[in-house]
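Enquirer: File name structure.cif; file contents mmCIF, N, CA and C atoms and all ligand atoms; full text below.
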```cif
data_model
#
loop_
_atom_site.label_atom_id
_atom_site.label_comp_id
_atom_site.auth_asym_id
_atom_site.auth_seq_id
_atom_site.Cartn_x
_atom_site.Cartn_y
_atom_site.Cartn_z
N MET A 2 0.85 -1.21 0.00
CA MET A 2 0.00 0.00 0.00
C MET A 2 0.87 1.25 0.00
N GLY A 3 1.93 1.25 0.82
CA GLY A 3 2.79 2.43 0.96
C GLY A 3 3.48 2.78 -0.34
N THR A 4 3.98 1.75 -1.06
CA THR A 4 4.67 1.98 -2.32
C THR A 4 3.72 2.49 -3.38
N LEU A 5 2.55 1.90 -3.41
CA LEU A 5 1.57 2.24 -4.43
C LEU A 5 1.07 3.67 -4.29
N SER A 6 0.89 4.12 -3.07
CA SER A 6 0.38 5.49 -2.86
C SER A 6 1.40 6.54 -3.25
N LEU A 7 2.67 6.12 -3.38
CA LEU A 7 3.71 7.03 -3.86
C LEU A 7 3.86 6.93 -5.38
N LEU A 8 3.68 5.70 -5.86
CA LEU A 8 3.91 5.42 -7.27
C LEU A 8 2.85 6.07 -8.16
N ILE A 9 1.62 6.02 -7.75
CA ILE A 9 0.53 6.55 -8.58
C ILE A 9 0.66 8.07 -8.79
N PRO A 10 0.86 8.86 -7.71
CA PRO A 10 1.04 10.30 -7.96
C PRO A 10 2.27 10.60 -8.82
N LEU A 11 3.32 9.77 -8.66
CA LEU A 11 4.55 9.97 -9.42
C LEU A 11 4.29 9.72 -10.92
N LEU A 12 3.62 8.62 -11.22
CA LEU A 12 3.30 8.30 -12.61
C LEU A 12 2.36 9.36 -13.21
N ALA A 13 1.40 9.77 -12.41
CA ALA A 13 0.47 10.81 -12.86
C ALA A 13 1.21 12.11 -13.11
N GLY A 14 2.18 12.40 -12.23
CA GLY A 14 2.98 13.61 -12.36
C GLY A 14 3.81 13.58 -13.64
N ILE A 15 4.39 12.41 -13.94
CA ILE A 15 5.18 12.25 -15.18
C ILE A 15 4.29 12.42 -16.40
N TRP A 16 3.10 11.84 -16.32
CA TRP A 16 2.16 11.95 -17.45
C TRP A 16 1.75 13.40 -17.67
N VAL A 17 1.44 14.08 -16.55
CA VAL A 17 1.05 15.50 -16.64
C VAL A 17 2.21 16.33 -17.20
N TYR A 18 3.42 16.01 -16.74
CA TYR A 18 4.61 16.73 -17.21
C TYR A 18 4.75 16.61 -18.72
N ASN A 19 4.67 15.39 -19.23
CA ASN A 19 4.83 15.16 -20.67
C ASN A 19 3.67 15.77 -21.46
N ASP A 20 2.46 15.62 -20.92
CA ASP A 20 1.29 16.11 -21.63
C ASP A 20 1.30 17.64 -21.71
N ALA A 21 1.65 18.28 -20.59
CA ALA A 21 1.69 19.75 -20.56
C ALA A 21 2.78 20.28 -21.48
N LYS A 22 3.89 19.58 -21.53
CA LYS A 22 5.00 19.96 -22.39
C LYS A 22 4.58 19.89 -23.86
N LYS A 23 3.88 18.81 -24.20
CA LYS A 23 3.40 18.58 -25.56
C LYS A 23 2.42 19.67 -26.00
N ARG A 24 1.67 20.18 -25.04
CA ARG A 24 0.68 21.19 -25.34
C ARG A 24 1.25 22.60 -25.34
N GLY A 25 2.53 22.73 -25.17
CA GLY A 25 3.17 24.03 -25.29
C GLY A 25 3.04 24.92 -24.07
N HIS A 26 2.82 24.32 -22.90
CA HIS A 26 2.83 25.11 -21.67
C HIS A 26 4.24 25.60 -21.40
N THR A 27 4.36 26.71 -20.68
CA THR A 27 5.70 27.20 -20.34
C THR A 27 6.32 26.22 -19.34
N THR A 28 7.65 26.23 -19.28
CA THR A 28 8.38 25.30 -18.41
C THR A 28 7.93 25.45 -16.96
N THR A 29 7.70 26.68 -16.55
CA THR A 29 7.23 26.94 -15.18
C THR A 29 5.89 26.24 -14.94
N MET A 30 4.98 26.40 -15.88
CA MET A 30 3.65 25.81 -15.74
C MET A 30 3.71 24.28 -15.77
N VAL A 31 4.57 23.75 -16.65
CA VAL A 31 4.73 22.29 -16.75
C VAL A 31 5.19 21.72 -15.41
N LEU A 32 6.21 22.36 -14.82
CA LEU A 32 6.76 21.90 -13.54
C LEU A 32 5.73 22.08 -12.41
N LEU A 33 4.99 23.17 -12.50
CA LEU A 33 3.97 23.46 -11.48
C LEU A 33 2.87 22.40 -11.49
N TRP A 34 2.40 22.08 -12.69
CA TRP A 34 1.36 21.06 -12.83
C TRP A 34 1.88 19.70 -12.36
N ALA A 35 3.09 19.35 -12.76
CA ALA A 35 3.67 18.06 -12.40
C ALA A 35 3.90 17.96 -10.90
N ALA A 36 4.48 19.01 -10.32
CA ALA A 36 4.76 19.01 -8.88
C ALA A 36 3.47 18.98 -8.08
N GLY A 37 2.50 19.73 -8.56
CA GLY A 37 1.20 19.78 -7.89
C GLY A 37 0.51 18.43 -7.93
N THR A 38 0.63 17.76 -9.08
CA THR A 38 0.00 16.45 -9.22
C THR A 38 0.62 15.43 -8.27
N ILE A 39 1.97 15.49 -8.18
CA ILE A 39 2.66 14.55 -7.30
C ILE A 39 2.32 14.83 -5.83
N ALA A 40 2.26 16.10 -5.47
CA ALA A 40 2.00 16.48 -4.07
C ALA A 40 0.54 16.28 -3.69
N MET A 41 -0.36 16.71 -4.57
CA MET A 41 -1.79 16.62 -4.26
C MET A 41 -2.54 16.11 -5.49
N LEU A 42 -2.42 14.83 -5.70
CA LEU A 42 -3.00 14.19 -6.88
C LEU A 42 -4.50 14.45 -6.99
N ILE A 43 -5.22 14.35 -5.86
CA ILE A 43 -6.67 14.48 -5.85
C ILE A 43 -7.11 15.86 -6.33
N VAL A 44 -6.29 16.87 -6.00
CA VAL A 44 -6.66 18.24 -6.36
C VAL A 44 -6.16 18.61 -7.76
N PHE A 45 -4.87 18.34 -8.01
CA PHE A 45 -4.24 18.85 -9.22
C PHE A 45 -4.57 18.08 -10.50
N LEU A 46 -4.75 16.77 -10.37
CA LEU A 46 -5.01 15.99 -11.58
C LEU A 46 -6.36 16.39 -12.21
N PRO A 47 -7.46 16.46 -11.44
CA PRO A 47 -8.71 16.91 -12.08
C PRO A 47 -8.61 18.35 -12.59
N LEU A 48 -7.88 19.17 -11.83
CA LEU A 48 -7.69 20.56 -12.22
C LEU A 48 -6.94 20.66 -13.54
N TYR A 49 -5.92 19.83 -13.67
CA TYR A 49 -5.15 19.84 -14.93
C TYR A 49 -6.01 19.36 -16.10
N LEU A 50 -6.79 18.30 -15.83
CA LEU A 50 -7.64 17.75 -16.89
C LEU A 50 -8.66 18.77 -17.38
N ILE A 51 -9.10 19.63 -16.46
CA ILE A 51 -10.11 20.64 -16.82
C ILE A 51 -9.45 21.87 -17.44
N LEU A 52 -8.43 22.39 -16.78
CA LEU A 52 -7.82 23.65 -17.22
C LEU A 52 -6.64 23.45 -18.17
N GLY A 53 -5.72 22.57 -17.80
CA GLY A 53 -4.48 22.42 -18.55
C GLY A 53 -4.67 21.83 -19.93
N ARG A 54 -5.64 20.93 -20.05
CA ARG A 54 -5.79 20.23 -21.33
C ARG A 54 -6.60 21.00 -22.36
N ARG A 55 -6.99 22.20 -22.00
CA ARG A 55 -7.73 23.02 -22.98
C ARG A 55 -6.84 23.38 -24.16
N GLN A 56 -5.56 23.51 -23.87
CA GLN A 56 -4.62 23.92 -24.89
C GLN A 56 -4.40 22.77 -25.89
N PRO A 57 -4.60 23.04 -27.16
CA PRO A 57 -4.38 21.97 -28.14
C PRO A 57 -2.91 21.61 -28.27
N VAL A 58 -2.66 20.40 -28.70
CA VAL A 58 -1.29 19.94 -28.90
C VAL A 58 -0.63 20.78 -29.99
N VAL A 59 0.53 21.32 -29.66
CA VAL A 59 1.23 22.18 -30.61
C VAL A 59 1.85 21.31 -31.70
N LYS A 60 1.47 21.61 -32.94
CA LYS A 60 2.02 20.84 -34.05
C LYS A 60 3.40 21.37 -34.43
N PRO A 61 4.26 20.49 -34.84
CA PRO A 61 5.57 20.97 -35.30
C PRO A 61 5.44 21.90 -36.49
N GLN A 62 6.29 22.92 -36.52
CA GLN A 62 6.16 23.96 -37.55
C GLN A 62 6.51 23.49 -38.95
N ARG A 63 7.13 22.35 -39.06
CA ARG A 63 7.52 21.85 -40.39
C ARG A 63 6.31 21.59 -41.29
N ASP A 64 5.15 21.34 -40.66
CA ASP A 64 3.94 21.05 -41.44
C ASP A 64 3.60 22.17 -42.42
N ASN A 65 3.79 23.40 -41.95
CA ASN A 65 3.41 24.54 -42.77
C ASN A 65 4.51 24.97 -43.73
N ALA A 66 5.72 24.60 -43.42
CA ALA A 66 6.86 25.10 -44.20
C ALA A 66 6.78 24.70 -45.66
N GLU A 67 6.31 23.49 -45.93
CA GLU A 67 6.30 23.02 -47.31
C GLU A 67 5.23 23.72 -48.16
N LYS A 68 4.21 24.24 -47.49
CA LYS A 68 3.14 24.89 -48.23
C LYS A 68 3.50 26.29 -48.70
N THR A 69 4.52 26.88 -48.08
CA THR A 69 4.86 28.27 -48.37
C THR A 69 5.76 28.42 -49.59
N ILE A 70 6.04 27.35 -50.30
CA ILE A 70 6.88 27.46 -51.50
C ILE A 70 6.16 28.33 -52.53
N ASP A 71 6.85 29.34 -52.99
CA ASP A 71 6.27 30.28 -53.93
C ASP A 71 6.15 29.62 -55.31
N VAL A 72 4.91 29.44 -55.74
CA VAL A 72 4.66 28.78 -57.03
C VAL A 72 5.07 29.69 -58.18
N GLU A 73 4.88 30.98 -58.01
CA GLU A 73 5.17 31.91 -59.09
C GLU A 73 6.65 32.00 -59.40
N ALA A 74 7.47 31.65 -58.41
CA ALA A 74 8.92 31.74 -58.63
C ALA A 74 9.40 30.71 -59.65
N THR A 75 8.62 29.66 -59.87
CA THR A 75 9.04 28.62 -60.81
C THR A 75 8.78 29.01 -62.27
N VAL A 76 7.99 30.08 -62.48
CA VAL A 76 7.71 30.51 -63.85
C VAL A 76 8.93 31.25 -64.40
N VAL A 77 9.50 30.68 -65.42
CA VAL A 77 10.71 31.26 -66.00
C VAL A 77 10.33 32.03 -67.26
N VAL A 78 10.73 33.29 -67.27
CA VAL A 78 10.49 34.11 -68.46
C VAL A 78 11.65 33.89 -69.42
N GLU A 79 11.33 33.33 -70.58
CA GLU A 79 12.37 33.04 -71.56
C GLU A 79 12.53 34.23 -72.50
N GLU A 80 13.76 34.67 -72.60
CA GLU A 80 14.05 35.76 -73.52
C GLU A 80 14.30 35.19 -74.91
N THR A 81 13.59 35.75 -75.87
CA THR A 81 13.73 35.25 -77.23
C THR A 81 14.07 36.38 -78.18
N VAL A 82 14.70 36.01 -79.27
CA VAL A 82 14.95 36.94 -80.38
C VAL A 82 14.43 36.29 -81.65
N CYS A 83 14.18 37.13 -82.65
CA CYS A 83 13.72 36.59 -83.92
C CYS A 83 14.91 36.25 -84.81
N CYS A 84 14.85 35.08 -85.40
CA CYS A 84 15.89 34.66 -86.32
C CYS A 84 15.83 35.55 -87.56
N PRO A 85 16.94 36.16 -87.96
CA PRO A 85 16.92 37.04 -89.15
C PRO A 85 16.62 36.28 -90.45
N MET A 86 16.80 34.99 -90.45
CA MET A 86 16.56 34.21 -91.66
C MET A 86 15.11 33.74 -91.78
N CYS A 87 14.58 33.11 -90.72
CA CYS A 87 13.25 32.51 -90.83
C CYS A 87 12.24 33.16 -89.89
N ALA A 88 12.66 34.14 -89.10
CA ALA A 88 11.81 34.89 -88.19
C ALA A 88 11.21 34.04 -87.06
N SER A 89 11.80 32.88 -86.82
CA SER A 89 11.34 32.06 -85.71
C SER A 89 11.85 32.65 -84.39
N LYS A 90 11.10 32.39 -83.33
CA LYS A 90 11.55 32.87 -82.03
C LYS A 90 12.58 31.90 -81.48
N VAL A 91 13.75 32.44 -81.23
CA VAL A 91 14.87 31.63 -80.77
C VAL A 91 15.34 32.18 -79.43
N LYS A 92 15.64 31.28 -78.51
CA LYS A 92 16.13 31.72 -77.20
C LYS A 92 17.44 32.48 -77.36
N THR A 93 17.61 33.53 -76.55
CA THR A 93 18.77 34.40 -76.71
C THR A 93 20.09 33.67 -76.49
N ASP A 94 20.06 32.61 -75.69
CA ASP A 94 21.34 31.92 -75.44
C ASP A 94 21.65 30.84 -76.49
N TYR A 95 20.78 30.70 -77.49
CA TYR A 95 21.07 29.75 -78.57
C TYR A 95 22.07 30.38 -79.53
N LYS A 96 23.01 29.57 -79.95
CA LYS A 96 24.01 30.09 -80.88
C LYS A 96 23.64 29.79 -82.32
N LEU A 97 22.56 29.02 -82.47
CA LEU A 97 22.17 28.62 -83.82
C LEU A 97 20.65 28.52 -83.83
N CYS A 98 20.03 28.96 -84.90
CA CYS A 98 18.57 28.83 -84.99
C CYS A 98 18.23 27.36 -85.19
N PRO A 99 17.46 26.77 -84.27
CA PRO A 99 17.15 25.35 -84.41
C PRO A 99 16.20 25.05 -85.57
N TYR A 100 15.59 26.09 -86.13
CA TYR A 100 14.60 25.88 -87.20
C TYR A 100 15.25 25.88 -88.58
N CYS A 101 16.15 26.85 -88.83
CA CYS A 101 16.73 26.94 -90.17
C CYS A 101 18.24 26.75 -90.17
N GLY A 102 18.83 26.69 -89.00
CA GLY A 102 20.27 26.46 -88.93
C GLY A 102 21.11 27.71 -89.08
N HIS A 103 20.46 28.87 -89.15
CA HIS A 103 21.19 30.12 -89.26
C HIS A 103 21.95 30.38 -87.97
N THR A 104 23.20 30.77 -88.11
CA THR A 104 23.98 31.01 -86.90
C THR A 104 23.51 32.30 -86.22
N MET A 105 23.20 32.17 -84.94
CA MET A 105 22.68 33.31 -84.18
C MET A 105 23.78 34.03 -83.42
N GLN A 106 24.98 33.48 -83.50
CA GLN A 106 26.09 34.07 -82.76
C GLN A 106 26.78 35.08 -83.65
N PRO A 107 26.66 36.37 -83.35
CA PRO A 107 27.32 37.36 -84.21
C PRO A 107 28.84 37.25 -84.07
N LYS A 108 29.49 37.42 -85.20
CA LYS A 108 30.96 37.38 -85.19
C LYS A 108 31.50 38.68 -85.76
N CYS A 109 32.64 39.03 -85.28
CA CYS A 109 33.29 40.24 -85.78
C CYS A 109 33.75 40.01 -87.22
N GLU A 110 33.47 40.97 -88.06
CA GLU A 110 33.82 40.86 -89.48
C GLU A 110 35.33 40.90 -89.67
N PHE A 111 36.01 41.53 -88.76
CA PHE A 111 37.44 41.78 -88.94
C PHE A 111 38.30 40.67 -88.34
N CYS A 112 37.99 40.27 -87.10
CA CYS A 112 38.86 39.28 -86.46
C CYS A 112 38.15 37.93 -86.24
N GLY A 113 36.85 37.93 -86.44
CA GLY A 113 36.11 36.67 -86.34
C GLY A 113 35.79 36.21 -84.93
N CYS A 114 36.04 37.05 -83.95
CA CYS A 114 35.74 36.63 -82.59
C CYS A 114 34.24 36.75 -82.33
N GLU A 115 33.76 35.93 -81.39
CA GLU A 115 32.32 35.90 -81.11
C GLU A 115 31.92 37.12 -80.31
N LEU A 116 30.83 37.73 -80.73
CA LEU A 116 30.33 38.94 -80.08
C LEU A 116 28.97 38.67 -79.47
N LYS A 117 28.62 39.47 -78.52
CA LYS A 117 27.26 39.44 -78.01
C LYS A 117 26.39 40.31 -78.91
N ARG A 118 25.11 39.94 -79.00
CA ARG A 118 24.22 40.63 -79.93
C ARG A 118 24.10 42.13 -79.62
N GLU A 119 24.15 42.46 -78.31
CA GLU A 119 23.95 43.86 -77.94
C GLU A 119 25.23 44.69 -78.08
N TRP A 120 26.35 44.02 -78.39
CA TRP A 120 27.60 44.77 -78.51
C TRP A 120 27.62 45.55 -79.81
N LYS A 121 28.10 46.79 -79.69
CA LYS A 121 28.21 47.64 -80.88
C LYS A 121 29.63 47.62 -81.44
N ASN A 122 30.56 47.26 -80.59
CA ASN A 122 31.95 47.25 -81.02
C ASN A 122 32.62 45.93 -80.62
N CYS A 123 33.61 45.55 -81.37
CA CYS A 123 34.35 44.34 -81.05
C CYS A 123 35.36 44.65 -79.95
N PRO A 124 35.30 43.96 -78.85
CA PRO A 124 36.26 44.25 -77.77
C PRO A 124 37.66 43.74 -78.10
N ASN A 125 37.77 42.90 -79.11
CA ASN A 125 39.07 42.30 -79.44
C ASN A 125 39.90 43.20 -80.35
N CYS A 126 39.32 43.58 -81.51
CA CYS A 126 40.08 44.39 -82.47
C CYS A 126 39.62 45.84 -82.48
N GLN A 127 38.66 46.18 -81.62
CA GLN A 127 38.17 47.55 -81.44
C GLN A 127 37.51 48.12 -82.69
N GLN A 128 37.07 47.28 -83.59
CA GLN A 128 36.34 47.73 -84.77
C GLN A 128 34.85 47.73 -84.45
N PRO A 129 34.08 48.63 -85.09
CA PRO A 129 32.64 48.59 -84.85
C PRO A 129 32.04 47.28 -85.38
N ALA A 130 31.18 46.66 -84.55
CA ALA A 130 30.56 45.40 -84.95
C ALA A 130 29.50 45.68 -86.02
N VAL A 131 29.59 44.96 -87.12
CA VAL A 131 28.63 45.14 -88.21
C VAL A 131 27.59 44.03 -88.11
N SER A 132 26.34 44.44 -87.88
CA SER A 132 25.29 43.43 -87.82
C SER A 132 24.69 43.23 -89.19
N LYS A 133 24.58 41.98 -89.60
CA LYS A 133 24.08 41.69 -90.95
C LYS A 133 22.56 41.69 -90.96
ZN ZN A 201 16.01 30.63 -88.39
ZN ZN A 202 37.06 42.02 -83.97
#
```
Output the file's structure in the form of structure tokens.
Ligand SMILES: [Zn+2]
Ligand SMILES: [Zn+2]
Expert:
Amino acid sequence: MGTLSLLIPLLAGIWVYNDAKKRGHTTTMVLLWAAGTIAMLIVFLPLYLILGRRQPVVKPQRDNAEKTIDVEATVVVEETVCCPMCASKVKTDYKLCPYCGHTMQPKCEFCGCELKREWKNCPNCQQPAVSK
């Protein structure tokens, strides 16, 4: 009898401790509920069941994290230019028109080095870039 009357409040106290912790009670409140249950099981356990358990179990925050992925960020705006030969829309980073095979990479007339489309002058031989 003596062991049991100590064991029951202790087990109840541990259960209250874990349950209150799970429900997001402050550490002070968790310890208060647990200590109270162990000291005065008859008073604190019903009190905890009525008052303490009102608080819903706090869900881990990871649940919401996956939903916040910005869908609009995945939309990629592709920059295109018109092929001077066939007028097809070709991506700016293509060096060759995939439709007609026209080379989309401008080259310097003088030294033959590859130029960017927006360049007006050849950085290599310093001649003005002639666009055909
Ligand atoms: Zn083309
Ligand atoms: Zn050049």
Enquirer: Any idea what's packed within 8 Å of Leu42 in chain A, counting all atoms listed in the file, ignoring anything in its chain fewer than 6 positions away? Could you give it as a list of chain:residue names?
Expert: A:Ile9, A:Pro10, A:Leu11, A:Ala13, A:Gly14, A:Ala36, A:Leu48
Enquirer: Figure out the distance between atom N of Cys87 in chain A and CA of Tyr100 in chain A, please, to one decimal in Å.
Expert: 8.0 Å
Enquirer: Measuring atom to atom with all atoms listed in the file, identify which of A:Val17, A:Val82, A:Met41, A:Leu7 is nearest to Asp94 in chain A.
Expert: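 So, comparing all the options, the nearest one is A:Val82.
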Enquirer: Nearest to ligand ZN 201 (chain A): which of A:Asn122, A:Ser6, A:Thr104, A:Gln128 is it, counting all atoms listed in the file?
Expert: A:Thr104
Enquirer: Name the residues, by chain letter and number, that sit within 6.5 Å of ligand ZN 201 (chain A) using all atoms listed in the file, and give them as number ranges by chain.
Expert: A: 84-89, 98-103
Enquirer: Could you state the separation of CA of Leu116 in chain A and CA of Thr81 in chain A in Å, given to one decimal place?
Expert: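 CA of Thr81 in chain A lies 17.2 Å from CA of Leu116 in chain A.
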Enquirer: Please, what distance in Å, to one decimal, runs between atom N of Cys126 in chain A and CA of Glu110 in chain A?
Expert: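 Value for the atom N of Cys126 in chain A-CA of Glu110 in chain A distance: 10.1 Å.
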Enquirer: Any residue with an atom at most 7 Å from ligand ZN 202 (chain A) counts, using only C-alpha atoms and all ligand atoms. Which are they? Put them as a list in words.
Expert: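 Every residue with an atom at most 7 Å from ligand ZN 202 (chain A) is listed here: Cys109, Glu110, Phe111, Cys112, Gly113, Cys114, Cys123, Pro124, Asn125, Cys126, Gln127 and Gln128 of chain A.
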Enquirer: Is there a way to get, as a VMD selection string, all residues within 6.5 Å of the point (6.2, 18.8, -27.4) in file coordinates, counting all atoms listed in the file?
Expert: chain A and resid 22 to 25
Enquirer: Grab all the atoms of range 116-127 of chain A that the file lists, wrap them in a box along x, y and z, add 4 Å per side, and give me centre plus edge lengths in Å (one decimal) as JSON.
Expert:
```
{"center_x": 32.0, "center_y": 42.9, "center_z": -80.2, "size_x": 24.1, "size_y": 18.4, "size_z": 12.9}
```
